[in-house]
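Heads up, query29.tsv below (TSV, C-alpha atoms):
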chain	number	residue	atom	x	y	z
S	1	MET	CA	-179.67	157.95	-61.84
S	2	GLU	CA	-178.99	154.92	-59.70
S	3	ASP	CA	-175.81	154.04	-57.90
S	4	GLU	CA	-174.19	150.69	-58.67
S	5	ASN	CA	-174.44	149.57	-55.04
S	6	LYS	CA	-178.23	150.03	-55.09
S	7	HIS	CA	-178.92	148.25	-58.38
S	8	LYS	CA	-179.53	144.54	-57.98
S	9	ASN	CA	-178.47	143.58	-61.50
S	10	HIS	CA	-175.18	145.42	-61.76
S	11	GLU	CA	-173.04	142.29	-61.38
S	12	ARG	CA	-174.90	140.44	-64.10
S	13	HIS	CA	-174.37	143.29	-66.53
S	14	GLY	CA	-170.98	144.48	-65.39
S	15	ASP	CA	-169.12	142.86	-68.27
S	16	MET	CA	-171.10	144.24	-71.19
S	17	ASP	CA	-169.39	144.18	-74.60
S	18	HIS	CA	-168.11	147.66	-75.51
S	19	SER	CA	-166.55	146.70	-78.85
S	20	ASP	CA	-169.07	148.66	-80.91
S	21	HIS	CA	-168.41	151.81	-78.93
S	22	GLY	CA	-164.69	151.31	-79.28
S	23	ASP	CA	-165.00	151.08	-83.05
S	24	ASP	CA	-167.05	154.27	-83.10
S	25	GLY	CA	-164.39	156.01	-81.07
S	26	LYS	CA	-161.63	154.85	-83.38
S	27	GLU	CA	-163.55	155.91	-86.44
S	28	GLY	CA	-164.20	159.33	-84.93
S	29	SER	CA	-160.53	159.62	-84.02
S	30	HIS	CA	-159.44	158.80	-87.57
S	31	GLU	CA	-161.93	161.32	-88.92
S	32	GLY	CA	-160.56	163.94	-86.56
S	33	HIS	CA	-157.00	163.23	-87.71
S	34	ARG	CA	-158.09	163.65	-91.34
S	35	ASP	CA	-159.77	166.96	-90.50
S	36	HIS	CA	-156.64	168.15	-88.70
S	37	GLY	CA	-154.52	167.09	-91.66
S	38	ASP	CA	-156.67	169.06	-94.08
S	39	HIS	CA	-156.69	172.10	-91.83
S	40	SER	CA	-152.92	171.92	-91.29
S	41	ALA	CA	-152.41	171.82	-95.05
S	42	HIS	CA	-154.74	174.82	-95.35
S	43	ILE	CA	-152.67	176.76	-92.80
S	44	ALA	CA	-149.40	175.78	-94.50
S	45	ASP	CA	-150.78	176.92	-97.86
S	46	PHE	CA	-151.69	180.38	-96.54
S	47	ARG	CA	-148.30	180.67	-94.85
S	48	ARG	CA	-146.43	179.73	-98.03
S	49	ARG	CA	-148.44	182.11	-100.20
S	50	PHE	CA	-147.99	184.93	-97.69
S	51	LEU	CA	-144.21	184.52	-97.50
S	52	VAL	CA	-143.77	184.29	-101.28
S	53	SER	CA	-146.00	187.31	-101.84
S	54	LEU	CA	-144.23	189.28	-99.11
S	55	ILE	CA	-140.82	188.63	-100.68
S	56	LEU	CA	-142.09	189.75	-104.10
S	57	THR	CA	-143.74	192.82	-102.58
S	58	ILE	CA	-140.39	194.22	-101.41
S	59	PRO	CA	-139.01	194.96	-104.92
S	60	ILE	CA	-142.44	196.20	-106.00
S	61	LEU	CA	-142.35	198.76	-103.19
S	62	LEU	CA	-138.74	199.75	-103.88
S	63	LEU	CA	-139.40	200.26	-107.59
S	64	SER	CA	-142.70	202.08	-107.10
S	65	GLN	CA	-142.49	205.74	-108.05
S	66	THR	CA	-144.97	206.68	-105.32
S	67	ILE	CA	-142.91	205.02	-102.59
S	68	GLN	CA	-139.72	206.60	-103.93
S	69	ASP	CA	-141.33	210.04	-103.86
S	70	TRP	CA	-142.59	209.53	-100.30
S	71	PHE	CA	-139.23	208.48	-98.88
S	72	GLY	CA	-137.00	210.58	-101.12
S	73	PHE	CA	-134.92	207.95	-102.91
S	74	GLU	CA	-134.59	206.84	-106.51
S	75	ILE	CA	-134.04	203.39	-108.02
S	76	THR	CA	-134.23	202.84	-111.75
S	77	ILE	CA	-133.68	199.67	-113.74
S	78	PRO	CA	-134.23	198.78	-117.40
S	79	TYR	CA	-137.85	197.96	-118.24
S	80	GLN	CA	-138.85	199.00	-114.74
S	81	GLU	CA	-142.59	199.13	-115.40
S	82	ILE	CA	-142.54	195.68	-117.03
S	83	VAL	CA	-140.60	194.23	-114.09
S	84	ILE	CA	-143.11	195.67	-111.62
S	85	PHE	CA	-145.96	194.31	-113.74
S	86	LEU	CA	-144.47	190.80	-113.81
S	87	LEU	CA	-143.83	190.78	-110.06
S	88	ALA	CA	-147.33	192.04	-109.36
S	89	ALA	CA	-148.80	189.44	-111.72
S	90	VAL	CA	-147.18	186.65	-109.70
S	91	VAL	CA	-148.48	188.16	-106.46
S	92	TYR	CA	-151.95	188.53	-107.95
S	93	PHE	CA	-152.30	185.05	-109.42
S	94	TYR	CA	-150.35	183.12	-106.77
S	95	GLY	CA	-151.04	185.11	-103.63
S	96	GLY	CA	-154.55	186.06	-104.66
S	97	TRP	CA	-155.57	182.59	-105.81
S	98	PRO	CA	-157.38	181.61	-102.56
S	99	PHE	CA	-159.57	184.69	-102.88
S	100	LEU	CA	-160.25	184.16	-106.58
S	101	LYS	CA	-161.12	180.52	-105.93
S	102	GLY	CA	-163.25	181.48	-102.93
S	103	THR	CA	-165.13	183.98	-105.08
S	104	ALA	CA	-165.97	181.29	-107.62
S	105	ASN	CA	-167.37	179.10	-104.83
S	106	GLU	CA	-169.39	181.96	-103.36
S	107	LEU	CA	-170.86	182.97	-106.71
S	108	ARG	CA	-171.65	179.34	-107.54
S	109	LYS	CA	-173.71	179.21	-104.35
S	110	ARG	CA	-175.12	182.68	-105.04
S	111	LEU	CA	-173.78	183.82	-101.68
S	112	PRO	CA	-171.19	186.53	-102.35
S	113	GLY	CA	-169.17	187.37	-99.26
S	114	MET	CA	-165.76	188.49	-98.08
S	115	MET	CA	-163.84	186.50	-100.69
S	116	THR	CA	-165.82	188.20	-103.44
S	117	LEU	CA	-165.06	191.66	-102.05
S	118	ILE	CA	-161.33	190.93	-101.77
S	119	ALA	CA	-161.19	189.40	-105.25
S	120	MET	CA	-162.99	192.40	-106.76
S	121	ALA	CA	-160.58	194.83	-105.09
S	122	ILE	CA	-157.39	193.07	-106.17
S	123	SER	CA	-158.72	192.31	-109.67
S	124	VAL	CA	-159.69	195.91	-110.38
S	125	ALA	CA	-156.31	197.11	-109.08
S	126	PHE	CA	-154.37	194.56	-111.14
S	127	PHE	CA	-156.15	194.91	-114.47
S	128	TYR	CA	-156.37	198.69	-114.32
S	129	SER	CA	-152.68	198.95	-113.39
S	130	SER	CA	-151.78	196.52	-116.16
S	131	ALA	CA	-153.65	198.70	-118.62
S	132	THR	CA	-151.62	201.75	-117.54
S	133	VAL	CA	-148.42	199.87	-118.33
S	134	PHE	CA	-149.34	198.99	-121.91
S	135	PHE	CA	-151.89	201.36	-123.37
S	136	LEU	CA	-153.73	203.53	-120.84
S	137	GLU	CA	-152.57	206.83	-119.44
S	138	GLY	CA	-152.73	206.82	-115.66
S	139	LYS	CA	-151.15	205.81	-112.39
S	140	ASP	CA	-150.69	202.17	-111.48
S	141	PHE	CA	-151.64	200.62	-108.14
S	142	PHE	CA	-149.31	197.64	-108.12
S	143	TRP	CA	-147.82	198.35	-104.70
S	144	GLU	CA	-151.29	198.80	-103.19
S	145	LEU	CA	-152.36	195.54	-104.82
S	146	ALA	CA	-149.38	193.63	-103.44
S	147	THR	CA	-149.68	194.98	-99.90
S	148	LEU	CA	-153.44	194.32	-99.84
S	149	ILE	CA	-152.89	190.69	-100.81
S	150	ASP	CA	-150.15	190.38	-98.18
S	151	VAL	CA	-152.41	191.73	-95.45
S	152	MET	CA	-155.32	189.50	-96.47
S	153	LEU	CA	-153.12	186.40	-96.59
S	154	LEU	CA	-151.63	187.22	-93.19
S	155	GLY	CA	-155.09	187.70	-91.71
S	156	HIS	CA	-156.41	184.42	-93.10
S	157	TRP	CA	-153.28	182.59	-91.97
S	158	ILE	CA	-153.70	183.87	-88.39
S	159	GLU	CA	-157.43	183.11	-88.49
S	160	ALA	CA	-156.83	179.55	-89.71
S	161	LYS	CA	-154.30	178.96	-86.91
S	162	SER	CA	-156.78	180.26	-84.33
S	163	VAL	CA	-159.54	178.01	-85.65
S	164	MET	CA	-157.16	175.06	-85.55
S	165	GLY	CA	-156.31	175.77	-81.91
S	166	ALA	CA	-159.96	176.10	-80.95
S	167	SER	CA	-160.81	172.88	-82.78
S	168	ARG	CA	-158.13	170.98	-80.90
S	169	ALA	CA	-159.35	172.37	-77.58
S	170	LEU	CA	-162.89	171.21	-78.35
S	171	GLU	CA	-161.66	167.76	-79.32
S	172	GLU	CA	-159.77	167.45	-76.05
S	173	LEU	CA	-162.96	168.40	-74.23
S	174	VAL	CA	-164.94	165.78	-76.13
S	175	LYS	CA	-162.39	163.11	-75.22
S	176	VAL	CA	-163.18	163.42	-71.51
S	177	MET	CA	-166.91	162.99	-72.11
S	178	PRO	CA	-168.33	159.45	-71.96
S	179	THR	CA	-169.66	158.04	-75.22
S	180	SER	CA	-171.84	155.33	-73.67
S	181	ALA	CA	-174.24	155.02	-70.74
S	182	HIS	CA	-175.70	152.16	-68.67
S	183	LEU	CA	-179.41	152.36	-69.46
S	184	VAL	CA	-181.75	150.69	-66.96
S	185	ARG	CA	-184.56	148.76	-68.66
S	186	GLY	CA	-186.66	147.03	-66.06
S	187	ASP	CA	-184.37	144.53	-64.34
S	188	GLU	CA	-181.68	144.81	-67.00
S	189	VAL	CA	-178.87	147.25	-67.64
S	190	VAL	CA	-177.98	147.84	-71.27
S	191	ASP	CA	-175.06	149.87	-72.59
S	192	VAL	CA	-176.20	152.41	-75.18
S	193	LEU	CA	-174.69	155.43	-76.88
S	194	VAL	CA	-175.19	158.70	-75.03
S	195	SER	CA	-176.78	160.11	-78.17
S	196	ASP	CA	-179.51	157.45	-77.91
S	197	LEU	CA	-180.67	158.56	-74.45
S	198	LYS	CA	-184.12	160.11	-74.18
S	199	VAL	CA	-185.82	162.29	-71.62
S	200	GLY	CA	-187.08	160.10	-68.78
S	201	ASP	CA	-184.47	157.34	-69.19
S	202	ILE	CA	-182.91	155.98	-66.00
S	203	VAL	CA	-179.14	155.62	-66.18
S	204	LEU	CA	-176.88	153.68	-63.84
S	205	VAL	CA	-173.74	155.58	-62.87
S	206	LYS	CA	-171.09	153.37	-61.31
S	207	PRO	CA	-168.59	154.68	-58.74
S	208	GLY	CA	-165.76	156.57	-60.42
S	209	GLU	CA	-167.58	156.96	-63.74
S	210	LYS	CA	-168.37	160.26	-65.42
S	211	ILE	CA	-172.01	161.28	-65.59
S	212	PRO	CA	-173.04	160.82	-69.24
S	213	SER	CA	-175.96	163.25	-69.32
S	214	ASP	CA	-177.88	165.91	-67.44
S	215	GLY	CA	-180.34	164.51	-64.93
S	216	VAL	CA	-181.37	164.11	-61.30
S	217	VAL	CA	-180.47	161.39	-58.82
S	218	VAL	CA	-183.54	159.20	-58.31
S	219	LYS	CA	-181.92	156.52	-56.16
S	220	GLY	CA	-178.66	155.61	-54.48
S	221	ASP	CA	-175.58	157.36	-53.20
S	222	SER	CA	-171.84	156.99	-53.58

As structure tokens:
Amino acid sequence: MEDENKHKNHERHGDMDHSDHGDDGKEGSHEGHRDHGDHSAHIADFRRRFLVSLILTIPILLLSQTIQDWFGFEITIPYQEIVIFLLAAVVYFYGGWPFLKGTANELRKRLPGMMTLIAMAISVAFFYSSATVFFLEGKDFFWELATLIDVMLLGHWIEAKSVMGASRALEELVKVMPTSAHLVRGDEVVDVLVSDLKVGDIVLVKPGEKIPSDGVVVKGDS
């Protein structure tokens, strides 16, 4: 890299037009804002589903015979099993929707993963428990279903917030990196994008500027 004071053509090329690079920066900034907007909506969606599911889980737990036996209390209401079923159905379809939708995407790509496992667990619990309400002898798992969905939603909400924070930190880091460099071509200095630099290129670094790429000083000082 050559220092500005040692390059004989730096004055002639000191006023290069940077409008193209500015447009690229603006476009990238707008794209980043769109990504942040989508991710923020994603976080808000998980938060909303978690809170709604959590609120509905409370009466499911209180009306569950298993929970009542564990803690030694009794609450009975008319059509208790139907009420629990309806509450659990809302939790399953509303709270569990991200996992059901994620499973469809994974299976479409033939890449089953975590969403598929969660969806299988909550679906088996819901449909088996529903069967015990209407025609099958057995014990329901509605409270386990509701709490599992709550935990999964909480985990994904926290994960999405963490990813959002990391993404913002990376964007702030990118902002301090130069997007263009002064490429020396013979007796001329041409401004190019950093991504267009190749191994062996000589770059002029002016006093006070950030170094745009890895390299060694071949001439000059500052």

Within 7 Å of segment 103-105 of chain S using all atoms listed in the file, minus same-chain residues under 2 positions, as a ChimeraX atom specification
/S:99-101,107-109,115-116,119

Save the residues we just selected, C-alpha atoms, as a PDB file, in the frame of the given file?
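selection.pdb, freshly written:
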ATOM      1  CA  PHE S  99    -159.570 184.690-102.880  1.00  0.00           C
ATOM      2  CA  LEU S 100    -160.250 184.160-106.580  1.00  0.00           C
ATOM      3  CA  LYS S 101    -161.120 180.520-105.930  1.00  0.00           C
ATOM      4  CA  LEU S 107    -170.860 182.970-106.710  1.00  0.00           C
ATOM      5  CA  ARG S 108    -171.650 179.340-107.540  1.00  0.00           C
ATOM      6  CA  LYS S 109    -173.710 179.210-104.350  1.00  0.00           C
ATOM      7  CA  MET S 115    -163.840 186.500-100.690  1.00  0.00           C
ATOM      8  CA  THR S 116    -165.820 188.200-103.440  1.00  0.00           C
ATOM      9  CA  ALA S 119    -161.190 189.400-105.250  1.00  0.00           C
TER      10      ALA S 119
END

In the coordinates of the file, take the point (-152.0, 195.6, -104.0) and a cut-off of 12 Å; then, counting only C-alpha atoms, name each qualifying protein, DNA or RNA residue as an NGL selection string.
:S and (53-54 or 56-58 or 60-61 or 64 or 84-85 or 87-93 or 95-96 or 118-129 or 140-153)

Those residues with C-alpha atoms, as an mmCIF file, in the frame of the given file please?
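What ended up in result.cif:
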data_model
loop_
_atom_site.group_PDB
_atom_site.id
_atom_site.type_symbol
_atom_site.label_atom_id
_atom_site.label_comp_id
_atom_site.auth_asym_id
_atom_site.auth_seq_id
_atom_site.Cartn_x
_atom_site.Cartn_y
_atom_site.Cartn_z
ATOM 1 C CA SER S 53 -146.000 187.310 -101.840
ATOM 2 C CA LEU S 54 -144.230 189.280 -99.110
ATOM 3 C CA LEU S 56 -142.090 189.750 -104.100
ATOM 4 C CA THR S 57 -143.740 192.820 -102.580
ATOM 5 C CA ILE S 58 -140.390 194.220 -101.410
ATOM 6 C CA ILE S 60 -142.440 196.200 -106.000
ATOM 7 C CA LEU S 61 -142.350 198.760 -103.190
ATOM 8 C CA SER S 64 -142.700 202.080 -107.100
ATOM 9 C CA ILE S 84 -143.110 195.670 -111.620
ATOM 10 C CA PHE S 85 -145.960 194.310 -113.740
ATOM 11 C CA LEU S 87 -143.830 190.780 -110.060
ATOM 12 C CA ALA S 88 -147.330 192.040 -109.360
ATOM 13 C CA ALA S 89 -148.800 189.440 -111.720
ATOM 14 C CA VAL S 90 -147.180 186.650 -109.700
ATOM 15 C CA VAL S 91 -148.480 188.160 -106.460
ATOM 16 C CA TYR S 92 -151.950 188.530 -107.950
ATOM 17 C CA PHE S 93 -152.300 185.050 -109.420
ATOM 18 C CA GLY S 95 -151.040 185.110 -103.630
ATOM 19 C CA GLY S 96 -154.550 186.060 -104.660
ATOM 20 C CA ILE S 118 -161.330 190.930 -101.770
ATOM 21 C CA ALA S 119 -161.190 189.400 -105.250
ATOM 22 C CA MET S 120 -162.990 192.400 -106.760
ATOM 23 C CA ALA S 121 -160.580 194.830 -105.090
ATOM 24 C CA ILE S 122 -157.390 193.070 -106.170
ATOM 25 C CA SER S 123 -158.720 192.310 -109.670
ATOM 26 C CA VAL S 124 -159.690 195.910 -110.380
ATOM 27 C CA ALA S 125 -156.310 197.110 -109.080
ATOM 28 C CA PHE S 126 -154.370 194.560 -111.140
ATOM 29 C CA PHE S 127 -156.150 194.910 -114.470
ATOM 30 C CA TYR S 128 -156.370 198.690 -114.320
ATOM 31 C CA SER S 129 -152.680 198.950 -113.390
ATOM 32 C CA ASP S 140 -150.690 202.170 -111.480
ATOM 33 C CA PHE S 141 -151.640 200.620 -108.140
ATOM 34 C CA PHE S 142 -149.310 197.640 -108.120
ATOM 35 C CA TRP S 143 -147.820 198.350 -104.700
ATOM 36 C CA GLU S 144 -151.290 198.800 -103.190
ATOM 37 C CA LEU S 145 -152.360 195.540 -104.820
ATOM 38 C CA ALA S 146 -149.380 193.630 -103.440
ATOM 39 C CA THR S 147 -149.680 194.980 -99.900
ATOM 40 C CA LEU S 148 -153.440 194.320 -99.840
ATOM 41 C CA ILE S 149 -152.890 190.690 -100.810
ATOM 42 C CA ASP S 150 -150.150 190.380 -98.180
ATOM 43 C CA VAL S 151 -152.410 191.730 -95.450
ATOM 44 C CA MET S 152 -155.320 189.500 -96.470
ATOM 45 C CA LEU S 153 -153.120 186.400 -96.590
#

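Atom CA of Ser162 of chain S to atom CA of His42 of chain S spans 12.5 Å [interatomic distance, one decimal].
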
Quick one: residues within 9 Å of Leu197 of chain S, only C-alpha atoms counted, chain neighbours fewer than 5 positions away excluded, as a ChimeraX atom specification?
/S:181,183,192,203,213

Counting all atoms listed in the file, which of S:Leu136, S:Met177, S:Leu51, S:Ile43 gets nearest to Ser195 of chain S?
S:Met177

If I take atom CA of Gly155 of chain S and atom CA of Leu111 of chain S, how far is one from the other in Å, to one decimal?
21.5 Å

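Here atom CA of Phe73 of chain S and atom CA of Leu154 of chain S stand 28.3 Å from one another.
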
Skip Val184 of chain S itself and residues of its chain fewer than 3 positions away, then list as a count of residues only all residues within 9 Å of it, counting only C-alpha atoms.
10

Of the residues S:Ser130, S:Val199, S:Arg47, S:Gln65, which is the one nearest to Ile158 of chain S, using only C-alpha atoms?
S:Arg47

Just add N, CA and C atoms to segment 182-202 of chain S and send it as a PDB file, keeping the file's coordinate frame.
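And here is the file that came out, rebuild_0.pdb:
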ATOM      1  N   HIS S 182    -175.051 153.393 -69.114  1.00  0.00           N
ATOM      2  CA  HIS S 182    -175.700 152.160 -68.670  1.00  0.00           C
ATOM      3  C   HIS S 182    -177.192 152.446 -68.493  1.00  0.00           C
ATOM      4  N   LEU S 183    -177.977 152.083 -69.474  1.00  0.00           N
ATOM      5  CA  LEU S 183    -179.410 152.360 -69.460  1.00  0.00           C
ATOM      6  C   LEU S 183    -180.151 151.253 -68.712  1.00  0.00           C
ATOM      7  N   VAL S 184    -180.969 151.646 -67.750  1.00  0.00           N
ATOM      8  CA  VAL S 184    -181.750 150.690 -66.960  1.00  0.00           C
ATOM      9  C   VAL S 184    -183.081 150.436 -67.676  1.00  0.00           C
ATOM     10  N   ARG S 185    -183.309 149.170 -68.033  1.00  0.00           N
ATOM     11  CA  ARG S 185    -184.560 148.760 -68.660  1.00  0.00           C
ATOM     12  C   ARG S 185    -185.179 147.645 -67.822  1.00  0.00           C
ATOM     13  N   GLY S 186    -186.063 148.017 -66.951  1.00  0.00           N
ATOM     14  CA  GLY S 186    -186.660 147.030 -66.060  1.00  0.00           C
ATOM     15  C   GLY S 186    -185.619 146.479 -65.110  1.00  0.00           C
ATOM     16  N   ASP S 187    -185.378 145.167 -65.182  1.00  0.00           N
ATOM     17  CA  ASP S 187    -184.370 144.530 -64.340  1.00  0.00           C
ATOM     18  C   ASP S 187    -183.040 144.373 -65.049  1.00  0.00           C
ATOM     19  N   GLU S 188    -182.907 144.945 -66.231  1.00  0.00           N
ATOM     20  CA  GLU S 188    -181.680 144.810 -67.000  1.00  0.00           C
ATOM     21  C   GLU S 188    -180.975 146.156 -67.138  1.00  0.00           C
ATOM     22  N   VAL S 189    -179.672 146.062 -67.357  1.00  0.00           N
ATOM     23  CA  VAL S 189    -178.870 147.250 -67.640  1.00  0.00           C
ATOM     24  C   VAL S 189    -178.219 147.050 -69.001  1.00  0.00           C
ATOM     25  N   VAL S 190    -178.473 147.958 -69.904  1.00  0.00           N
ATOM     26  CA  VAL S 190    -177.980 147.840 -71.270  1.00  0.00           C
ATOM     27  C   VAL S 190    -177.097 149.037 -71.593  1.00  0.00           C
ATOM     28  N   ASP S 191    -175.940 148.782 -72.175  1.00  0.00           N
ATOM     29  CA  ASP S 191    -175.060 149.870 -72.590  1.00  0.00           C
ATOM     30  C   ASP S 191    -175.542 150.437 -73.922  1.00  0.00           C
ATOM     31  N   VAL S 192    -175.748 151.737 -73.958  1.00  0.00           N
ATOM     32  CA  VAL S 192    -176.200 152.410 -75.180  1.00  0.00           C
ATOM     33  C   VAL S 192    -175.340 153.650 -75.389  1.00  0.00           C
ATOM     34  N   LEU S 193    -175.385 154.181 -76.602  1.00  0.00           N
ATOM     35  CA  LEU S 193    -174.690 155.430 -76.880  1.00  0.00           C
ATOM     36  C   LEU S 193    -175.397 156.582 -76.161  1.00  0.00           C
ATOM     37  N   VAL S 194    -174.616 157.536 -75.711  1.00  0.00           N
ATOM     38  CA  VAL S 194    -175.190 158.700 -75.030  1.00  0.00           C
ATOM     39  C   VAL S 194    -176.182 159.414 -75.938  1.00  0.00           C
ATOM     40  N   SER S 195    -175.891 159.432 -77.229  1.00  0.00           N
ATOM     41  CA  SER S 195    -176.780 160.110 -78.170  1.00  0.00           C
ATOM     42  C   SER S 195    -178.141 159.436 -78.288  1.00  0.00           C
ATOM     43  N   ASP S 196    -178.241 158.173 -77.827  1.00  0.00           N
ATOM     44  CA  ASP S 196    -179.510 157.450 -77.910  1.00  0.00           C
ATOM     45  C   ASP S 196    -180.387 157.653 -76.674  1.00  0.00           C
ATOM     46  N   LEU S 197    -179.878 158.339 -75.658  1.00  0.00           N
ATOM     47  CA  LEU S 197    -180.670 158.560 -74.450  1.00  0.00           C
ATOM     48  C   LEU S 197    -181.825 159.513 -74.725  1.00  0.00           C
ATOM     49  N   LYS S 198    -182.928 159.265 -74.029  1.00  0.00           N
ATOM     50  CA  LYS S 198    -184.120 160.110 -74.180  1.00  0.00           C
ATOM     51  C   LYS S 198    -184.520 160.657 -72.825  1.00  0.00           C
ATOM     52  N   VAL S 199    -185.314 161.705 -72.863  1.00  0.00           N
ATOM     53  CA  VAL S 199    -185.820 162.290 -71.620  1.00  0.00           C
ATOM     54  C   VAL S 199    -186.642 161.245 -70.877  1.00  0.00           C
ATOM     55  N   GLY S 200    -186.357 161.075 -69.587  1.00  0.00           N
ATOM     56  CA  GLY S 200    -187.080 160.100 -68.780  1.00  0.00           C
ATOM     57  C   GLY S 200    -186.341 158.794 -68.596  1.00  0.00           C
ATOM     58  N   ASP S 201    -185.257 158.558 -69.361  1.00  0.00           N
ATOM     59  CA  ASP S 201    -184.470 157.340 -69.190  1.00  0.00           C
ATOM     60  C   ASP S 201    -183.779 157.338 -67.831  1.00  0.00           C
ATOM     61  N   ILE S 202    -183.643 156.146 -67.256  1.00  0.00           N
ATOM     62  CA  ILE S 202    -182.910 155.980 -66.000  1.00  0.00           C
ATOM     63  C   ILE S 202    -181.550 155.379 -66.331  1.00  0.00           C
TER      64      ILE S 202
END
